[in-house]
$ cat upload_31.txt   # compact mmCIF, C-alpha atoms and all ligand atoms
# COMPACT_ATOMS: atom_id res chain seq x y z
CA MET A 6 11.36 11.04 0.80
CA ILE A 7 11.58 7.36 1.62
CA VAL A 8 15.17 6.36 2.21
CA ARG A 9 16.79 2.96 2.58
CA GLN A 10 19.20 3.04 5.52
CA ALA A 11 22.65 1.46 5.88
CA ASP A 12 21.20 -1.20 8.21
CA GLY A 13 18.55 -2.17 5.62
CA GLY A 14 15.76 -0.33 7.43
CA ILE A 15 13.66 2.44 5.91
CA ARG A 16 13.00 5.98 7.12
CA ALA A 17 10.76 8.70 5.71
CA PHE A 18 11.33 12.46 5.71
CA PHE A 19 9.38 15.48 4.58
CA ASN A 20 10.99 16.63 1.35
CA VAL A 21 11.88 20.11 2.54
CA CYS A 22 15.02 21.84 3.73
CA PRO A 23 14.67 23.17 7.32
CA HIS A 24 16.63 26.26 6.31
CA ARG A 25 14.41 28.01 3.70
CA ALA A 26 11.87 25.36 2.62
CA ASN A 27 13.40 24.30 -0.68
CA PRO A 28 12.53 20.72 -1.66
CA ILE A 29 15.63 18.53 -1.29
CA ALA A 30 14.96 15.58 -3.59
CA LEU A 31 13.98 16.56 -7.12
CA ASN A 32 14.02 13.14 -8.82
CA GLU A 33 11.50 10.32 -8.56
CA ARG A 34 14.19 8.02 -7.24
CA GLY A 35 17.93 7.71 -7.03
CA SER A 36 20.88 7.00 -4.82
CA VAL A 37 23.00 9.49 -2.87
CA ALA A 38 25.59 9.35 -0.10
CA LYS A 39 24.29 12.64 1.34
CA PHE A 40 21.36 14.93 0.55
CA THR A 41 22.38 18.40 -0.62
CA CYS A 42 19.86 21.23 -0.82
CA ALA A 43 20.22 23.06 -4.15
CA PHE A 44 19.40 26.47 -2.60
CA HIS A 45 22.41 27.00 -0.24
CA ALA A 46 24.06 23.55 -0.27
CA TRP A 47 23.13 22.51 3.25
CA ARG A 48 23.89 18.80 3.56
CA PHE A 49 22.04 16.03 5.40
CA CYS A 50 22.93 12.41 6.12
CA ILE A 51 20.60 9.70 4.83
CA ASP A 52 19.34 9.21 8.39
CA GLY A 53 18.10 12.81 8.25
CA LYS A 54 20.71 14.28 10.60
CA LEU A 55 22.33 17.59 9.70
CA ASP A 56 25.73 17.03 8.14
CA CYS A 57 26.92 20.51 7.22
CA ILE A 58 25.70 24.13 7.14
CA THR A 59 27.36 26.31 4.49
CA ASP A 60 29.19 29.23 6.17
CA GLU A 61 27.92 28.19 9.57
CA HIS A 62 29.95 30.98 11.19
CA SER A 63 27.45 33.47 9.69
CA PHE A 64 24.59 32.08 11.82
CA ASP A 65 24.08 32.94 15.47
CA THR A 66 24.40 29.76 17.53
CA GLN A 67 20.84 30.33 18.86
CA VAL A 68 19.54 29.86 15.29
CA VAL A 69 21.24 26.58 14.39
CA GLY A 70 22.48 25.28 17.74
CA HIS A 71 19.75 22.62 17.72
CA ARG A 72 21.40 21.13 14.59
CA PRO A 73 18.29 21.26 12.38
CA GLY A 74 17.94 18.01 10.39
CA LEU A 75 15.24 16.72 8.06
CA THR A 76 11.78 16.37 9.62
CA GLU A 77 10.96 12.70 9.95
CA ALA A 78 7.57 11.11 9.24
CA ARG A 79 6.22 7.86 10.67
CA CYS A 80 7.16 4.98 8.41
CA GLU A 81 6.32 1.31 8.83
CA GLN A 82 6.32 -1.75 6.59
CA ILE A 83 4.20 -4.81 6.16
CA GLY A 84 4.84 -7.58 3.65
CA GLY A 85 6.95 -5.40 1.34
CA LEU A 86 4.58 -2.42 1.41
CA ILE A 87 5.75 0.85 2.98
CA PHE A 88 3.28 3.13 4.73
CA ILE A 89 4.04 6.68 5.79
CA ASN A 90 1.91 8.61 8.26
CA MET A 91 2.18 12.29 9.05
CA ASP A 92 0.15 11.94 12.26
CA GLY A 93 2.59 11.17 15.08
CA LYS A 94 -0.32 9.97 17.25
CA ALA A 95 -1.54 7.29 14.82
CA PRO A 96 -1.67 3.72 16.18
CA PRO A 97 0.98 1.21 15.04
CA LEU A 98 0.41 0.02 11.47
CA ALA A 99 -0.07 -3.64 12.47
CA ASP A 100 -2.89 -2.64 14.87
CA TRP A 101 -4.57 -0.39 12.34
CA ILE A 102 -4.58 -2.65 9.28
CA GLY A 103 -7.89 -4.44 9.60
CA LEU A 104 -7.02 -7.31 7.21
CA PRO A 105 -6.62 -10.89 8.49
CA PRO A 106 -3.16 -11.61 10.00
CA GLY A 107 -0.69 -12.94 7.42
CA TYR A 108 -2.96 -12.13 4.47
CA ILE A 109 -0.69 -9.49 2.92
CA GLU A 110 2.58 -11.22 3.84
CA ASN A 111 1.64 -14.47 2.04
CA TYR A 112 1.85 -12.72 -1.32
CA GLN A 113 5.56 -12.01 -0.77
CA ILE A 114 5.33 -8.63 -2.47
CA ASP A 115 8.90 -7.99 -1.29
CA LYS A 116 10.01 -10.56 -3.89
CA MET A 117 8.25 -8.69 -6.71
CA HIS A 118 9.51 -5.81 -8.86
CA VAL A 119 7.76 -2.79 -10.30
CA VAL A 120 7.74 -3.43 -14.05
CA ARG A 121 5.35 -0.67 -15.11
CA HIS A 122 4.19 2.55 -13.49
CA VAL A 123 1.65 4.82 -15.16
CA ARG A 124 0.25 7.98 -13.59
CA THR A 125 -2.81 9.54 -15.19
CA GLU A 126 -4.73 12.62 -14.18
CA TRP A 127 -8.53 12.28 -14.10
CA GLN A 128 -11.14 15.05 -13.94
CA ALA A 129 -12.97 13.81 -10.86
CA ASN A 130 -12.65 13.72 -7.09
CA TRP A 131 -10.42 10.87 -5.92
CA LYS A 132 -13.30 9.24 -4.03
CA THR A 133 -15.41 9.11 -7.19
CA GLY A 134 -12.49 7.21 -8.68
CA VAL A 135 -12.26 4.77 -5.77
CA ASP A 136 -16.02 4.11 -5.90
CA ALA A 137 -15.84 2.88 -9.50
CA PHE A 138 -13.31 0.18 -8.56
CA TYR A 139 -15.05 -1.16 -5.46
CA GLU A 140 -17.81 -3.21 -7.03
CA THR A 141 -18.38 -5.57 -9.96
CA TYR A 142 -22.08 -4.62 -10.24
CA HIS A 143 -21.13 -2.39 -13.20
CA LEU A 144 -19.19 -5.04 -15.11
CA PRO A 145 -21.97 -6.39 -17.37
CA HIS A 146 -22.92 -2.86 -18.41
CA ILE A 147 -19.66 -0.91 -18.67
CA HIS A 148 -17.30 -3.82 -19.39
CA PRO A 149 -19.40 -6.48 -21.16
CA GLN A 150 -16.23 -7.98 -22.66
CA THR A 151 -15.37 -9.48 -19.24
CA GLN A 152 -18.46 -11.75 -19.17
CA GLY A 153 -16.80 -14.76 -20.75
CA VAL A 154 -14.05 -15.08 -18.15
CA MET A 155 -15.34 -13.36 -15.02
CA GLU A 156 -18.26 -13.77 -12.63
CA ASP A 157 -19.71 -10.44 -11.54
CA PHE A 158 -21.41 -11.69 -8.37
CA SER A 159 -18.43 -11.15 -6.08
CA GLN A 160 -17.82 -11.72 -2.41
CA TYR A 161 -17.45 -8.48 -0.45
CA ASP A 162 -15.57 -8.51 2.86
CA ALA A 163 -15.62 -5.58 5.30
CA TYR A 164 -12.83 -5.18 7.86
CA PRO A 165 -12.13 -2.72 10.69
CA ASN A 166 -10.85 0.80 10.03
CA GLY A 167 -12.33 1.09 6.56
CA PHE A 168 -10.43 -1.83 5.04
CA GLN A 169 -12.35 -4.10 2.68
CA ARG A 170 -11.94 -6.70 -0.02
CA MET A 171 -13.74 -7.96 -3.11
CA ILE A 172 -13.24 -11.51 -4.36
CA VAL A 173 -14.10 -11.84 -8.05
CA PRO A 174 -14.18 -15.34 -9.54
CA ILE A 175 -12.04 -15.47 -12.69
CA CYS A 176 -11.52 -18.27 -15.26
CA THR A 177 -15.26 -18.82 -15.29
CA PRO A 178 -18.08 -17.39 -17.41
CA SER A 179 -20.52 -15.06 -15.70
CA HIS A 180 -23.86 -16.57 -14.64
CA ARG A 181 -25.36 -14.16 -17.22
CA VAL A 182 -23.69 -16.02 -20.12
CA HIS A 183 -26.02 -18.55 -21.77
CA ASP A 184 -23.38 -20.90 -23.13
CA ARG A 185 -21.60 -22.28 -20.10
CA GLU A 186 -20.55 -25.49 -21.85
CA ASN A 187 -18.18 -24.50 -24.64
CA VAL A 188 -14.79 -23.22 -23.57
CA ASN A 189 -14.56 -19.75 -25.08
CA GLU A 190 -11.42 -18.10 -26.40
CA GLY A 191 -10.78 -16.07 -23.24
CA LEU A 192 -10.88 -19.17 -21.06
CA GLN A 193 -8.63 -21.02 -23.50
CA TYR A 194 -6.10 -18.22 -23.22
CA MET A 195 -6.13 -18.49 -19.42
CA MET A 196 -5.57 -22.25 -19.68
CA ILE A 197 -2.55 -21.72 -21.94
CA GLU A 198 -1.13 -19.24 -19.42
CA ALA A 199 -1.41 -21.90 -16.73
CA GLY A 200 0.56 -24.32 -18.91
CA MET A 201 -2.46 -26.31 -20.14
CA ASP A 202 -3.35 -27.38 -23.68
CA PRO A 203 -7.00 -26.37 -24.31
CA ALA A 204 -7.25 -28.94 -27.14
CA GLU A 205 -6.79 -31.72 -24.60
CA PHE A 206 -9.37 -30.35 -22.16
CA LYS A 207 -12.57 -32.40 -22.07
CA GLY A 208 -14.52 -30.42 -19.46
CA THR A 209 -17.07 -27.62 -19.76
CA ALA A 210 -16.50 -23.89 -19.41
CA MET A 211 -17.69 -24.17 -15.80
CA GLU A 212 -14.92 -26.67 -15.04
CA VAL A 213 -12.06 -24.54 -16.34
CA ARG A 214 -11.51 -22.60 -13.12
CA VAL A 215 -10.78 -25.69 -11.01
CA ALA A 216 -8.66 -27.22 -13.78
CA VAL A 217 -6.54 -24.05 -13.96
CA GLN A 218 -6.09 -24.07 -10.19
CA GLN A 219 -4.88 -27.67 -10.31
CA ALA A 220 -2.56 -26.98 -13.24
CA LYS A 221 -1.04 -24.04 -11.40
CA ARG A 222 -0.40 -26.10 -8.27
CA ALA A 223 1.13 -28.91 -10.33
CA ARG A 224 3.87 -26.67 -11.74
CA ALA A 225 4.40 -24.39 -8.72
CA LYS A 226 7.44 -26.16 -7.25
CA ARG A 227 9.23 -26.36 -10.60
CA LEU A 228 8.75 -22.62 -11.17
CA GLY A 229 9.84 -21.66 -7.65
CA LEU A 230 6.37 -20.48 -6.69
CA ASP A 231 6.52 -22.21 -3.30
CA HIS A 232 4.22 -19.65 -1.72
CA TYR A 233 1.24 -21.25 -3.53
CA ASP A 234 1.10 -23.59 -0.51
CA THR A 235 -0.14 -20.69 1.61
CA PHE A 236 -3.08 -19.88 -0.70
CA THR A 237 -6.55 -21.29 -1.12
CA ASP A 238 -7.48 -22.60 -4.58
CA GLY A 239 -9.55 -19.46 -5.18
CA GLN A 240 -6.56 -17.21 -4.59
CA LEU A 241 -4.75 -18.89 -7.50
CA THR A 242 -7.33 -17.84 -10.09
CA ASP A 243 -9.58 -15.12 -8.73
CA SER A 244 -9.11 -11.41 -8.25
CA TRP A 245 -8.73 -10.57 -4.58
CA ALA A 246 -8.99 -6.81 -4.88
CA THR A 247 -8.09 -5.42 -1.49
CA GLY A 248 -8.86 -1.91 -0.30
CA TYR A 249 -6.24 -0.28 1.91
CA PHE A 250 -8.08 2.61 3.49
CA PRO A 251 -8.33 5.29 2.32
CA ASN A 252 -6.95 5.50 -1.21
CA VAL A 253 -5.23 2.33 -2.36
CA GLN A 254 -6.55 -0.84 -3.93
CA ILE A 255 -4.27 -3.76 -4.66
CA GLY A 256 -5.27 -6.60 -6.95
CA MET A 257 -3.57 -9.42 -5.04
CA HIS A 258 -2.27 -12.36 -7.10
CA PRO A 259 0.51 -14.81 -6.25
CA GLU A 260 2.29 -14.02 -9.55
CA GLY A 261 2.12 -10.26 -9.20
CA VAL A 262 0.08 -7.41 -7.81
CA PHE A 263 -1.63 -4.48 -9.41
CA VAL A 264 -1.47 -1.38 -7.22
CA MET A 265 -3.97 1.43 -7.80
CA ARG A 266 -3.39 4.59 -5.83
CA PHE A 267 -5.90 7.44 -5.97
CA GLN A 268 -3.97 10.58 -5.08
CA PRO A 269 -5.88 13.81 -4.54
CA HIS A 270 -4.77 16.75 -6.64
CA PRO A 271 -2.94 19.22 -4.35
CA THR A 272 -5.29 22.14 -5.07
CA ASP A 273 -8.25 20.98 -7.18
CA PRO A 274 -10.73 18.63 -5.44
CA GLU A 275 -12.17 17.69 -8.83
CA ARG A 276 -8.97 16.17 -10.08
CA PHE A 277 -6.93 13.22 -8.95
CA PHE A 278 -3.95 11.21 -10.02
CA TYR A 279 -4.49 7.54 -10.70
CA ASP A 280 -1.26 5.70 -10.07
CA ASN A 281 -0.99 2.26 -11.57
CA MET A 282 1.93 0.11 -10.51
CA THR A 283 2.34 -3.39 -11.87
CA LEU A 284 4.62 -5.61 -9.81
CA VAL A 285 5.59 -9.11 -10.87
CA ARG A 286 7.54 -11.96 -9.37
CA TYR A 287 10.09 -12.99 -11.97
CA VAL A 288 10.00 -16.63 -13.01
CA ASP A 289 12.99 -17.67 -15.10
CA ASP A 290 11.33 -20.31 -17.28
CA PRO A 291 10.67 -20.16 -21.03
CA LYS A 292 7.26 -21.81 -20.61
CA TYR A 293 6.10 -19.22 -18.08
CA SER A 294 4.56 -15.89 -19.02
CA VAL A 295 3.32 -13.03 -16.88
CA PRO A 296 -0.51 -13.20 -16.61
CA GLY A 297 -2.25 -11.43 -19.49
CA TRP A 298 -4.65 -9.60 -17.16
CA MET A 299 -1.72 -7.38 -16.19
CA GLY A 300 -1.91 -5.85 -19.66
CA LEU A 301 1.83 -5.24 -19.93
CA PRO A 302 3.19 -3.90 -23.24
CA LYS A 303 5.10 -6.57 -25.19
CA ASP A 304 8.60 -5.18 -24.60
CA THR A 305 8.24 -4.86 -20.81
CA ASP A 306 11.28 -6.02 -18.84
CA VAL A 307 9.80 -8.36 -16.23
CA THR A 308 13.14 -9.49 -14.77
CA GLY A 309 13.38 -6.61 -12.33
CA ALA A 310 16.79 -5.63 -13.73
CA THR A 311 15.58 -2.13 -14.61
CA ARG A 312 13.03 -0.02 -12.78
CA PRO A 313 10.93 1.84 -15.35
CA ASN A 314 10.34 5.55 -15.11
CA ILE A 315 6.81 6.71 -14.35
CA GLU A 316 4.76 7.34 -17.50
CA HIS A 317 2.89 10.60 -16.82
CA HIS A 318 -0.35 11.56 -18.56
CA PHE A 319 -1.95 14.87 -17.62
CA VAL A 320 -5.36 16.33 -18.43
CA GLY A 321 -5.14 18.10 -21.80
CA GLY A 322 -2.16 16.02 -22.90
CA GLU A 323 -2.05 12.82 -24.89
CA ARG A 324 -4.47 10.34 -23.41
CA ALA A 325 -3.00 7.25 -21.78
CA ASP A 326 -3.99 3.89 -23.14
CA LEU A 327 -4.72 1.94 -19.98
CA GLY A 328 -6.34 -0.97 -21.81
CA ASP A 329 -10.00 -1.41 -22.78
CA VAL A 330 -11.44 -1.88 -19.31
CA LEU A 331 -9.65 1.04 -17.66
CA ASN A 332 -10.30 3.35 -20.62
CA GLN A 333 -14.01 2.62 -20.12
CA ASP A 334 -13.66 3.48 -16.42
CA VAL A 335 -12.07 6.87 -17.16
CA ASP A 336 -15.06 7.94 -19.26
CA LEU A 337 -17.48 6.65 -16.62
CA VAL A 338 -15.83 8.29 -13.61
CA GLU A 339 -15.58 11.70 -15.25
CA ALA A 340 -19.26 11.55 -16.26
CA VAL A 341 -20.35 10.48 -12.75
CA GLN A 342 -18.37 13.36 -11.25
CA ARG A 343 -20.42 15.77 -13.37
CA GLY A 344 -23.65 13.96 -12.45
CA GLN A 345 -22.94 14.26 -8.74
CA LYS A 346 -23.28 18.02 -9.14
CA SER A 347 -26.84 17.73 -10.42
CA ARG A 348 -29.66 19.07 -8.24
CA GLY A 349 -31.58 16.02 -9.38
CA PHE A 350 -29.18 13.67 -7.58
CA ARG A 351 -29.93 13.13 -3.89
CA GLY A 352 -27.13 10.77 -2.88
CA PRO A 353 -26.21 7.18 -3.70
CA LEU A 354 -28.59 4.24 -3.22
CA TRP A 355 -26.45 1.24 -2.39
CA SER A 356 -27.24 -2.42 -3.01
CA GLN A 357 -25.69 -5.42 -1.26
CA GLN A 358 -23.33 -5.58 -4.23
CA GLU A 359 -22.14 -2.13 -3.15
CA SER A 360 -21.66 -2.99 0.53
CA ARG A 361 -17.98 -2.32 0.12
CA LEU A 362 -18.61 1.29 -0.91
CA ARG A 363 -20.97 1.84 2.00
CA HIS A 364 -18.39 0.48 4.44
CA TYR A 365 -15.64 2.61 2.97
CA GLN A 366 -17.66 5.82 2.58
CA ARG A 367 -18.98 5.48 6.14
CA GLU A 368 -15.40 5.40 7.43
CA ILE A 369 -14.54 8.50 5.37
CA ASP A 370 -17.56 10.20 6.99
CA ARG A 371 -16.22 9.34 10.45
CA TYR A 372 -13.10 11.34 9.70
CA ILE A 373 -15.02 14.22 8.10
CA ASN A 374 -17.48 14.35 11.03
CA GLY A 375 -14.74 14.24 13.65
CA GLU A 376 -15.87 10.84 15.00
CA LYS A 377 -12.29 9.62 14.40
FE FE B 1 -14.85 -0.60 -14.16

$ encode --input "upload_31.txt" --output "structure tokens" --more "lines below"
Ligand SMILES: [Fe+2]
Amino acid sequence: MIVRQADGGIRAFFNVCPHRANPIALNERGSVAKFTCAFHAWRFCIDGKLDCITDEHSFDTQVVGHRPGLTEARCEQIGGLIFINMDGKAPPLADWIGLPPGYIENYQIDKMHVVRHVRTEWQANWKTGVDAFYETYHLPHIHPQTQGVMEDFSQYDAYPNGFQRMIVPICTPSHRVHDRENVNEGLQYMMIEAGMDPAEFKGTAMEVRVAVQQAKRARAKRLGLDHYDTFTDGQLTDSWATGYFPNVQIGMHPEGVFVMRFQPHPTDPERFFYDNMTLVRYVDDPKYSVPGWMGLPKDTDVTGATRPNIEHHFVGGERADLGDVLNQDVDLVEAVQRGQKSRGFRGPLWSQQESRLRHYQREIDRYINGEK
């Protein structure tokens, strides 16, 4: 349980009553003055301290004299993201995060709101899931529809402690596209989103990316997007997909972020939960719209006034529609999971375009082998 404190700070607790192990919080989120265990109504303060034991006179003082409260977990924040750690001996978060100083903070995620949260269950190991999102080598083959607006030769950055990043140029046709002159429909759409009129644009398809960057800068102050000053031109258009070791990737954009969390299934190593959280920074301007790449349903409340409930989709239930690209990834990942079991498969052969996977998988191995 992650709990906002009276002083504005945040603490984390294991969601279990110290009395007889009943989970305390049963809802995804909410607000309480005190936590009450449903089993025997023991009460705890929001700082985890014991408030009240029901019929305390029926306990020997040796049993409850230590005033058993909620068990706390390590909890630290950076740039609006909360990290919990169940290993009391872990280094401080700021020392462990291998990303460049200030990189996360510049996005001002603390000024964004969750506007959509979808959790789907996939029939694969969580690492098979992560692998499919750590390279753009597969784009031309699995997601050919991205070719008109996305380059698939990306920059891959490796950082300490398993962190990594992939920078994918957007608002530009892939080098595999023959016509790089005419501005295709996808690029026109991205220009409109940046407040441009494609009919007035005289440049080629290859010049759209820079034009969009300039258009975005030109209107930033008026829209209250002052943090654009802290970004390079590339950060305004491209996908900076950042891997937070071990199981989170965040598509970092100044207007919003797309959080993917790969959560292992508690008992089945060949299942995982894919958590998709879309966060946006609300801009109160009729000419501004949330970027289309976020794939939000039309009626989504982007103001932050209401926090949506998590949409759950389990194996065997109605299939989630995650959009074309992600639907293609679900089919791929589940097939690859089956293929990994084949006697004919002897382990992955990684290219330079898969350097990010190698870096990440090597770090996983360090933990499995006891090197870390
Ligand atoms: Fe994919």

$ residues_near_ligand --input "upload_31.txt" --ligand "ligand FE 1 (chain B)" --cutoff "10 Å" --atoms "only C-alpha atoms and all ligand atoms" --output "list of chain:residue names"
A:Gly134, A:Asp136, A:Ala137, A:Phe138, A:Tyr139, A:Glu140, A:Thr141, A:Tyr142, A:His143, A:Leu144, A:Pro145, A:His146, A:Ile147, A:His148, A:Asp329, A:Val330, A:Leu331, A:Asn332, A:Gln333, A:Asp334, A:Val335, A:Asp336, A:Leu337, A:Val338

$ axis_aligned_box --input "upload_31.txt" --around "range 109-119 of chain A" --padding-each-side "8 Å" --output "JSON"
{"center_x": 4.7, "center_y": -8.6, "center_z": -3.2, "size_x": 26.7, "size_y": 27.7, "size_z": 30.1}

$ residues_around --input "upload_31.txt" --residues "Cys80 in chain A" --least-positions-apart "6" --cutoff "10 Å" --atoms "all atoms listed in the file" --output "ChimeraX atom specification"
/A:7,15-18,87-91,97-98

$ closest_atom_pairs --input "upload_31.txt" --of "range 203-280 of chain A" --to "range 299-320 of chain A" --cutoff "10 Å" --atoms "all atoms listed in the file" --output "tab-separated table"
residue	atom	partner	partner_atom	distance
A:Gly256	CA	A:Met299	CA	9.9
A:Gly261	CA	A:Met299	CA	8.5
A:Val262	CA	A:Met299	CA	8.6
A:Phe263	CA	A:Met299	CA	7.4
A:Arg276	CA	A:Val320	CA	9.1
A:Phe278	CA	A:Phe319	CA	8.7
A:Tyr279	CA	A:His318	CA	9.8
A:Asp280	CA	A:Ile315	CA	9.2

$ closest_residue --input "upload_31.txt" --among "A:Asp162, A:Asp52, A:Glu359, A:Glu156" --to "Asp243 in chain A" --atoms "only C-alpha atoms"
A:Glu156

$ residues_around --input "upload_31.txt" --residues "Gln254 in chain A" --least-positions-apart "5" --cutoff "7 Å" --atoms "only C-alpha atoms" --output "ChimeraX atom specification"
/A:246-249,264-266

$ closest_residue --input "upload_31.txt" --among "A:Pro251, A:Glu33, A:His122, A:Gly13" --to "Ile102 in chain A" --atoms "all atoms listed in the file"
A:Pro251

$ residues_around --input "upload_31.txt" --residues "Gly321 in chain A" --least-positions-apart "6" --cutoff "12 Å" --atoms "all atoms listed in the file" --output "list in words"
Thr125, Glu126, Trp127 and Gln128 of chain A

$ closest_residue --input "upload_31.txt" --among "A:Gln67, A:Thr242, A:Thr76, A:Gln219" --to "Ala26 in chain A" --atoms "only C-alpha atoms"
A:Thr76

$ closest_residue --input "upload_31.txt" --among "A:Pro174, A:Val21, A:Val182, A:Leu284" --to "Asp238 in chain A" --atoms "only C-alpha atoms"
A:Pro174

$ closest_residue --input "upload_31.txt" --among "A:Tyr287, A:Phe49, A:Trp131, A:Tyr108" --to "Arg72 in chain A" --atoms "all atoms listed in the file"
A:Phe49

$ atom_distance --input "upload_31.txt" --atom1 "CA of Ala30 in chain A" --atom2 "CA of Met6 in chain A"
7.3 Å

$ atom_distance --input "upload_31.txt" --atom1 "CA of Lys346 in chain A" --atom2 "CA of Pro274 in chain A"
13.1 Å

$ decode --input "upload_31.txt" --residues "range 30-42 of chain A" --atoms "N, CA and C atoms" --output "PDB file, in the first residue's frame"
ATOM      1  N   ALA A  30      -5.935  -3.403   2.723  1.00  0.00           N
ATOM      2  CA  ALA A  30      -6.585  -2.598   1.684  1.00  0.00           C
ATOM      3  C   ALA A  30      -7.117  -3.529   0.616  1.00  0.00           C
ATOM      4  N   LEU A  31      -8.387  -3.377   0.283  1.00  0.00           N
ATOM      5  CA  LEU A  31      -9.022  -4.279  -0.682  1.00  0.00           C
ATOM      6  C   LEU A  31      -9.368  -3.559  -1.986  1.00  0.00           C
ATOM      7  N   ASN A  32      -9.264  -2.241  -2.007  1.00  0.00           N
ATOM      8  CA  ASN A  32      -9.574  -1.474  -3.218  1.00  0.00           C
ATOM      9  C   ASN A  32      -8.289  -1.041  -3.909  1.00  0.00           C
ATOM     10  N   GLU A  33      -8.427  -0.716  -5.196  1.00  0.00           N
ATOM     11  CA  GLU A  33      -7.263  -0.243  -5.956  1.00  0.00           C
ATOM     12  C   GLU A  33      -6.740   1.077  -5.403  1.00  0.00           C
ATOM     13  N   ARG A  34      -7.647   1.930  -4.999  1.00  0.00           N
ATOM     14  CA  ARG A  34      -7.223   3.200  -4.405  1.00  0.00           C
ATOM     15  C   ARG A  34      -8.369   3.739  -3.577  1.00  0.00           C
ATOM     16  N   GLY A  35      -8.087   4.734  -2.770  1.00  0.00           N
ATOM     17  CA  GLY A  35      -9.133   5.327  -1.958  1.00  0.00           C
ATOM     18  C   GLY A  35      -8.527   6.235  -0.916  1.00  0.00           C
ATOM     19  N   SER A  36      -9.373   6.687  -0.015  1.00  0.00           N
ATOM     20  CA  SER A  36      -8.921   7.610   1.011  1.00  0.00           C
ATOM     21  C   SER A  36      -9.531   7.204   2.344  1.00  0.00           C
ATOM     22  N   VAL A  37      -8.701   7.066   3.364  1.00  0.00           N
ATOM     23  CA  VAL A  37      -9.193   6.691   4.696  1.00  0.00           C
ATOM     24  C   VAL A  37      -8.463   7.516   5.755  1.00  0.00           C
ATOM     25  N   ALA A  38      -9.124   7.693   6.902  1.00  0.00           N
ATOM     26  CA  ALA A  38      -8.470   8.364   8.025  1.00  0.00           C
ATOM     27  C   ALA A  38      -7.606   7.352   8.780  1.00  0.00           C
ATOM     28  N   LYS A  39      -8.091   6.119   8.870  1.00  0.00           N
ATOM     29  CA  LYS A  39      -7.365   5.018   9.515  1.00  0.00           C
ATOM     30  C   LYS A  39      -7.596   3.758   8.682  1.00  0.00           C
ATOM     31  N   PHE A  40      -6.649   2.833   8.758  1.00  0.00           N
ATOM     32  CA  PHE A  40      -6.851   1.523   8.125  1.00  0.00           C
ATOM     33  C   PHE A  40      -7.487   0.586   9.141  1.00  0.00           C
ATOM     34  N   THR A  41      -8.533  -0.124   8.730  1.00  0.00           N
ATOM     35  CA  THR A  41      -9.172  -1.095   9.609  1.00  0.00           C
ATOM     36  C   THR A  41      -9.126  -2.462   8.936  1.00  0.00           C
ATOM     37  N   CYS A  42      -8.574  -3.445   9.635  1.00  0.00           N
ATOM     38  CA  CYS A  42      -8.549  -4.806   9.091  1.00  0.00           C
ATOM     39  C   CYS A  42      -9.947  -5.410   9.214  1.00  0.00           C
TER      40      CYS A  42
END
